[in-house]
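Trainee: Below is the file final_34.txt, which contains compact mmCIF, C-alpha atoms and all ligand atoms.
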```txt
# COMPACT_ATOMS: atom_id res chain seq x y z
CA MET A 252 -5.02 -26.98 30.20
CA LYS A 253 -4.00 -25.73 33.67
CA GLN A 254 -6.47 -22.97 34.57
CA ALA A 255 -6.41 -20.49 37.45
CA LEU A 256 -8.71 -17.80 38.73
CA LEU A 257 -6.84 -15.13 40.68
CA MET A 258 -9.14 -13.31 43.11
CA VAL A 259 -7.62 -9.91 43.81
CA SER A 260 -8.65 -7.86 46.84
CA PHE A 261 -7.43 -4.59 48.32
CA GLY A 262 -6.75 -6.69 51.44
CA THR A 263 -7.38 -6.40 55.15
CA SER A 264 -5.42 -7.01 58.32
CA TYR A 265 -8.55 -8.04 60.25
CA PRO A 266 -8.60 -11.89 60.24
CA GLU A 267 -12.31 -12.14 61.03
CA THR A 268 -13.45 -9.86 58.22
CA LEU A 269 -10.96 -11.58 55.87
CA GLU A 270 -12.68 -14.88 56.59
CA LYS A 271 -16.26 -13.57 56.39
CA ASN A 272 -15.86 -11.52 53.21
CA ILE A 273 -12.86 -12.55 51.13
CA ALA A 274 -12.24 -16.20 51.99
CA VAL A 275 -15.90 -17.11 51.64
CA LEU A 276 -16.03 -15.52 48.18
CA GLU A 277 -12.89 -17.40 47.15
CA ARG A 278 -14.41 -20.68 48.36
CA GLU A 279 -17.60 -19.98 46.42
CA ALA A 280 -15.51 -19.28 43.33
CA ALA A 281 -13.70 -22.60 43.75
CA ALA A 282 -17.07 -24.36 43.96
CA ALA A 283 -18.53 -22.43 41.02
CA PHE A 284 -15.60 -23.10 38.68
CA PRO A 285 -14.53 -26.72 39.02
CA GLY A 286 -11.25 -27.35 37.23
CA TRP A 287 -10.01 -23.86 38.09
CA THR A 288 -7.39 -23.31 40.77
CA VAL A 289 -8.42 -20.30 42.85
CA ARG A 290 -5.60 -18.11 44.19
CA ARG A 291 -5.51 -14.94 46.31
CA ALA A 292 -3.66 -11.68 45.82
CA PHE A 293 -3.93 -8.29 47.57
CA THR A 294 -3.27 -4.93 45.92
CA SER A 295 -2.59 -2.81 49.02
CA GLY A 296 1.13 -2.50 49.68
CA MET A 297 0.32 -1.05 53.09
CA ILE A 298 -1.75 -4.10 54.09
CA LEU A 299 0.80 -6.56 52.65
CA ARG A 300 3.64 -4.92 54.60
CA LYS A 301 1.56 -4.90 57.78
CA LEU A 302 0.72 -8.61 57.41
CA ALA A 303 4.35 -9.52 56.66
CA ARG A 304 5.47 -7.68 59.82
CA ARG A 305 2.73 -9.20 61.99
CA ASP A 306 2.52 -12.76 60.67
CA GLY A 307 5.91 -13.24 59.05
CA ALA A 308 4.08 -14.00 55.78
CA ALA A 309 1.53 -12.31 53.55
CA PRO A 310 -0.50 -13.14 50.45
CA ASP A 311 1.07 -12.43 47.07
CA ASP A 312 0.69 -9.11 45.34
CA VAL A 313 -0.49 -9.31 41.72
CA PRO A 314 2.93 -9.61 40.03
CA ALA A 315 4.07 -12.30 42.51
CA ALA A 316 0.86 -14.32 42.06
CA LEU A 317 1.07 -14.14 38.25
CA THR A 318 4.79 -15.00 38.24
CA ARG A 319 4.06 -18.07 40.36
CA LEU A 320 1.20 -19.18 38.07
CA ALA A 321 3.42 -18.74 34.98
CA GLU A 322 6.25 -20.72 36.58
CA GLU A 323 3.84 -23.49 37.55
CA GLY A 324 2.77 -23.83 33.93
CA TYR A 325 -0.73 -22.38 34.08
CA GLU A 326 -1.98 -21.61 30.58
CA ALA A 327 -5.34 -19.91 31.23
CA VAL A 328 -5.53 -17.22 33.91
CA ALA A 329 -8.55 -15.08 34.73
CA ILE A 330 -8.26 -12.30 37.27
CA GLN A 331 -11.33 -11.21 39.21
CA PRO A 332 -11.02 -8.13 41.40
CA THR A 333 -13.20 -7.71 44.49
CA HIS A 334 -12.87 -3.95 44.25
CA ILE A 335 -16.01 -1.82 44.30
CA LEU A 336 -15.01 0.89 41.80
CA ASN A 337 -13.00 1.14 38.60
CA GLY A 338 -10.65 3.30 40.65
CA ASP A 339 -6.96 3.55 41.57
CA GLU A 340 -6.62 0.02 42.95
CA TYR A 341 -8.22 -1.45 39.82
CA ASP A 342 -6.02 0.68 37.54
CA LYS A 343 -3.00 -0.54 39.47
CA LEU A 344 -4.18 -4.15 39.10
CA CYS A 345 -4.59 -3.74 35.32
CA ALA A 346 -1.19 -2.06 34.98
CA GLN A 347 0.47 -4.83 37.00
CA ALA A 348 -1.31 -7.58 35.05
CA ALA A 349 -0.68 -6.20 31.54
CA PRO A 350 2.97 -7.34 31.23
CA PHE A 351 1.87 -10.93 31.98
CA ALA A 352 -0.66 -11.17 29.14
CA GLY A 353 1.88 -12.80 26.83
CA ARG A 354 2.89 -15.43 29.39
CA PHE A 355 -0.45 -17.28 29.27
CA ALA A 356 -2.28 -18.77 26.29
CA ARG A 357 -5.48 -17.23 27.61
CA PHE A 358 -5.71 -14.26 29.93
CA SER A 359 -8.43 -11.86 31.05
CA VAL A 360 -9.24 -9.37 33.79
CA GLY A 361 -12.81 -9.15 35.14
CA ALA A 362 -14.70 -6.01 36.13
CA PRO A 363 -15.11 -4.44 39.59
CA LEU A 364 -18.54 -4.47 41.28
CA LEU A 365 -19.78 -1.15 39.87
CA THR A 366 -18.93 -1.06 36.18
CA THR A 367 -21.90 -1.26 33.78
CA LEU A 368 -25.38 0.13 34.40
CA GLU A 369 -26.55 -3.48 34.84
CA ASP A 370 -23.97 -3.80 37.62
CA TYR A 371 -25.51 -0.82 39.41
CA ARG A 372 -28.98 -2.31 39.03
CA ALA A 373 -27.75 -5.69 40.27
CA THR A 374 -26.01 -4.04 43.23
CA ALA A 375 -29.08 -1.97 44.11
CA ASP A 376 -31.27 -5.09 43.87
CA ALA A 377 -28.81 -7.06 46.01
CA LEU A 378 -28.75 -4.34 48.69
CA MET A 379 -32.55 -4.15 48.70
CA ALA A 380 -32.82 -7.94 48.96
CA SER A 381 -30.21 -8.18 51.72
CA LEU A 382 -31.13 -5.29 54.03
CA PRO A 383 -34.39 -4.28 55.68
CA ALA A 384 -35.97 -1.33 53.87
CA PRO A 385 -35.60 2.01 55.70
CA ALA A 386 -38.59 2.27 58.04
CA GLU A 387 -40.69 5.38 58.72
CA GLY A 388 -38.39 7.91 60.42
CA GLU A 389 -35.31 5.89 59.55
CA ALA A 390 -32.52 6.45 57.03
CA LEU A 391 -29.81 4.09 55.82
CA VAL A 392 -26.44 5.74 55.39
CA PHE A 393 -23.76 3.87 53.46
CA MET A 394 -20.10 4.74 53.97
CA GLY A 395 -18.15 4.29 50.76
CA HIS A 396 -14.39 4.74 50.58
CA GLY A 397 -14.39 7.55 48.04
CA THR A 398 -11.50 8.56 45.84
CA GLY A 399 -9.95 11.43 43.91
CA HIS A 400 -10.17 9.13 40.85
CA ALA A 401 -12.70 9.84 38.09
CA ALA A 402 -14.66 6.77 39.26
CA ASN A 403 -15.89 8.57 42.39
CA PRO A 404 -19.38 9.52 41.02
CA ALA A 405 -20.30 5.80 41.32
CA TYR A 406 -21.68 6.55 44.80
CA CYS A 407 -24.06 9.21 43.50
CA GLN A 408 -25.26 6.96 40.68
CA LEU A 409 -26.01 4.17 43.14
CA GLU A 410 -27.90 6.59 45.41
CA TYR A 411 -30.00 7.90 42.48
CA LEU A 412 -30.80 4.35 41.48
CA LEU A 413 -31.89 3.32 44.98
CA HIS A 414 -34.12 6.40 45.19
CA ASP A 415 -35.64 5.54 41.80
CA LEU A 416 -36.28 2.01 43.03
CA GLY A 417 -38.16 3.39 46.03
CA TRP A 418 -35.51 3.56 48.77
CA LYS A 419 -35.64 7.34 49.20
CA GLY A 420 -34.25 6.98 52.71
CA ALA A 421 -30.90 5.60 51.54
CA PHE A 422 -27.90 7.96 51.36
CA PHE A 423 -24.28 7.51 50.40
CA GLY A 424 -21.27 9.31 51.78
CA THR A 425 -17.54 8.70 51.50
CA VAL A 426 -14.45 8.91 53.67
CA GLU A 427 -12.14 10.33 51.03
CA GLY A 428 -14.33 11.63 48.19
CA TYR A 429 -17.70 13.28 47.52
CA PRO A 430 -20.25 13.30 49.09
CA THR A 431 -18.76 13.72 52.57
CA LEU A 432 -20.70 13.24 55.79
CA ASP A 433 -21.50 16.99 55.71
CA GLU A 434 -23.56 16.50 52.54
CA VAL A 435 -25.19 13.41 54.03
CA LEU A 436 -26.17 15.37 57.15
CA ARG A 437 -27.75 18.05 54.98
CA ARG A 438 -29.64 15.48 52.90
CA LEU A 439 -30.97 13.83 56.07
CA GLN A 440 -32.39 17.20 57.13
CA GLU A 441 -33.89 17.81 53.70
CA ARG A 442 -35.42 14.33 53.79
CA GLY A 443 -37.80 15.42 56.54
CA PRO A 444 -38.50 13.67 59.80
CA VAL A 445 -35.61 11.23 60.26
CA GLU A 446 -34.88 10.16 63.82
CA ARG A 447 -32.90 6.98 63.37
CA VAL A 448 -29.90 6.28 61.15
CA THR A 449 -28.50 2.86 60.38
CA LEU A 450 -24.91 2.96 59.16
CA HIS A 451 -23.52 0.39 56.74
CA PRO A 452 -20.07 0.21 55.13
CA LEU A 453 -20.19 0.13 51.31
CA MET A 454 -16.90 -1.72 51.23
CA LEU A 455 -16.07 -5.35 50.65
CA VAL A 456 -14.80 -5.82 54.21
CA ALA A 457 -15.71 -4.20 57.51
CA GLY A 458 -12.13 -3.24 58.43
CA ASP A 459 -10.45 -0.11 59.70
CA HIS A 460 -12.77 2.43 58.03
CA ALA A 461 -15.94 0.68 59.20
CA SER A 462 -14.69 0.01 62.75
CA ASN A 463 -13.11 3.42 63.34
CA ASP A 464 -14.25 6.10 60.88
CA MET A 465 -17.83 4.81 60.76
CA ALA A 466 -18.61 3.15 64.08
CA GLY A 467 -15.78 4.35 66.37
CA GLU A 468 -16.27 6.20 69.66
CA GLU A 469 -13.99 9.08 68.63
CA PRO A 470 -15.85 12.41 68.37
CA ASP A 471 -15.27 12.64 64.61
CA SER A 472 -16.61 9.19 63.70
CA TRP A 473 -19.78 9.15 61.61
CA LYS A 474 -21.64 7.54 64.52
CA SER A 475 -20.57 10.27 66.95
CA ARG A 476 -21.29 13.09 64.51
CA LEU A 477 -24.74 11.73 63.65
CA GLU A 478 -25.52 11.28 67.34
CA GLY A 479 -24.29 14.82 67.91
CA ALA A 480 -26.81 15.94 65.30
CA GLY A 481 -29.58 14.29 67.30
CA TYR A 482 -30.02 10.96 65.52
CA THR A 483 -30.26 7.56 67.15
CA VAL A 484 -27.57 5.57 65.37
CA SER A 485 -27.00 1.88 64.88
CA CYS A 486 -23.98 0.48 63.07
CA ILE A 487 -23.96 -2.69 61.00
CA LEU A 488 -20.36 -3.90 60.88
CA LYS A 489 -20.74 -6.18 57.89
CA GLY A 490 -18.75 -5.96 54.69
CA LEU A 491 -20.54 -6.34 51.36
CA GLY A 492 -18.85 -9.75 51.07
CA GLU A 493 -21.04 -11.01 53.90
CA TYR A 494 -24.14 -10.82 51.71
CA PRO A 495 -24.60 -13.78 49.34
CA ALA A 496 -26.47 -11.61 46.82
CA LEU A 497 -23.48 -9.24 46.57
CA ARG A 498 -20.99 -12.11 46.31
CA ALA A 499 -23.09 -13.48 43.44
CA ILE A 500 -22.31 -10.33 41.41
CA PHE A 501 -18.57 -10.82 41.81
CA LEU A 502 -18.98 -14.48 40.81
CA ALA A 503 -20.98 -13.43 37.72
CA HIS A 504 -18.13 -11.06 36.80
CA ALA A 505 -15.61 -13.89 37.24
CA ARG A 506 -17.76 -16.08 34.99
CA ALA A 507 -17.82 -13.33 32.35
CA ALA A 508 -14.01 -12.98 32.58
CA ILE A 509 -13.61 -16.73 32.05
CA GLU A 510 -16.08 -16.81 29.16
CA THR A 511 -14.41 -13.83 27.44
CA MET A 512 -11.16 -15.79 27.37
CA PHE A 513 -12.71 -18.59 25.37
CA THR A 514 -14.55 -16.51 22.79
CA ASP A 515 -12.27 -15.04 20.14
CO CO B 1 -8.72 3.92 53.10
```
Can you turn what I pasted into C-alpha cells?
Mentor:
Amino acid sequence: MKQALLMVSFGTSYPETLEKNIAVLEREAAAAFPGWTVRRAFTSGMILRKLARRDGAAPDDVPAALTRLAEEGYEAVAIQPTHILNGDEYDKLCAQAAPFAGRFARFSVGAPLLTTLEDYRATADALMASLPAPAEGEALVFMGHGTGHAANPAYCQLEYLLHDLGWKGAFFGTVEGYPTLDEVLRRLQERGPVERVTLHPLMLVAGDHASNDMAGEEPDSWKSRLEGAGYTVSCILKGLGEYPALRAIFLAHARAAIETMFTD
C-alpha cells in the first residue's frame, strides 16, 4: 500500500526559520515512520502567494497536495497539522481535506498541538524541560498569535497549567486575541517585583510576528513597550519547532493519526 504523511503548516517566508522548525520536523517524521512518504503543504494563501512571487515556486496548498497524492496512487494518507490551536487555519485544513476522504482507502487528520488536556500537560512539560525556569525577579512572557476563533482560550488554559506546575512567573499574551500585552503588563505588576522579562514566541516558527511585533525596534513592539514600562527585556527568537520536546508532541499526534486509520 502506498502511504503518505502530509505535514501541513501555516507556512513562513523566512527560509532560516522554515529550515529550523518545519523542515526538521518533517525529517523527523520521515525517520519515525519508515514506509511513509512525507510531503509538505502550507495553509496560508498569503504566504504561498508571497513565495510564488519571490521564488517562482511554492509548496502545495492542501487541495493541491492531496490531488497529487491521489493521482500518484497513494492509498493511505494521514495529515498532520503543525498548527498550535484548533483554530481558523485548522478548520480550513479540515474543510479542504474532507472532499478527498473518498479518494483514499484510508484517510485521517491529526490534531493540532493544543487539543486534549493531555496535550496541554505535554506542552507545559515540554516548555518546562526546554526553557530555564523564570529566576527570582524574572518573568517569561510568551507571545501567542491569538484569534477571534472560539479556540482562543487555549492561551489562558496553558498559563493556568504552568502556574499550577510551579511556573508562576510565566505569562501568555497574544497579537490578535486575548490576553493582549496590556493584560500581560498588568499581570507583571500584580506578580510583584519583576525586573527582567524574557520574551518567547508561542508559535511554530519565529517569523514576522516574532521578529517584528515581539522583538522589533518599533515603539509598539512588545520589547519596546516592556522596556518603556521599566523592564530589562531579552528576546528568544526561536520557534516552538526548534525544541525537540515540542516536536515530539507533533510526532505523537502524527502517530495517533496513522494508528486511527488502521483501527476500525
Ligand atoms: Co498573523
Trainee: Skipping near chain neighbours, those fewer than 6 positions away, what residues fall within 12 Å of Thr367 of chain A using only C-alpha atoms, listed as a PyMOL selection string?
Mentor: chain A and resi 336-337+373-374+405+408-409+500+504
Trainee: Taking all atoms listed in the file into account, list the residues no farther than 9 Å from ligand CO 1 (chain B), as an MDAnalysis selection string.
Mentor: chainID A and resid 396:397 426:427 459:460
Trainee: Would you list the contacts of segment 318-321 of chain A as a VMD selection string, taking every protein, DNA or RNA residue within 9 Å and counting all atoms listed in the file, but skipping same-chain residues closer than 3 positions in sequence?
Mentor: chain A and resid 255 313 to 315 324 to 326 328 351 354 to 355
Trainee: Using all atoms listed in the file, can you tell me which of A:Asn403, A:Ser359, A:Ser475, A:Thr449 comes closest to Met512 of chain A?
Mentor: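 Closest candidate: A:Ser359.
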Trainee: Taking into account all atoms listed in the file, which residue in the set A:Ala466, A:Leu497, A:Val360, A:Ala380 is nearest to Ala327 of chain A?
Mentor: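 Ranked by minimum distance to Ala327 of chain A, first place goes to A:Val360.
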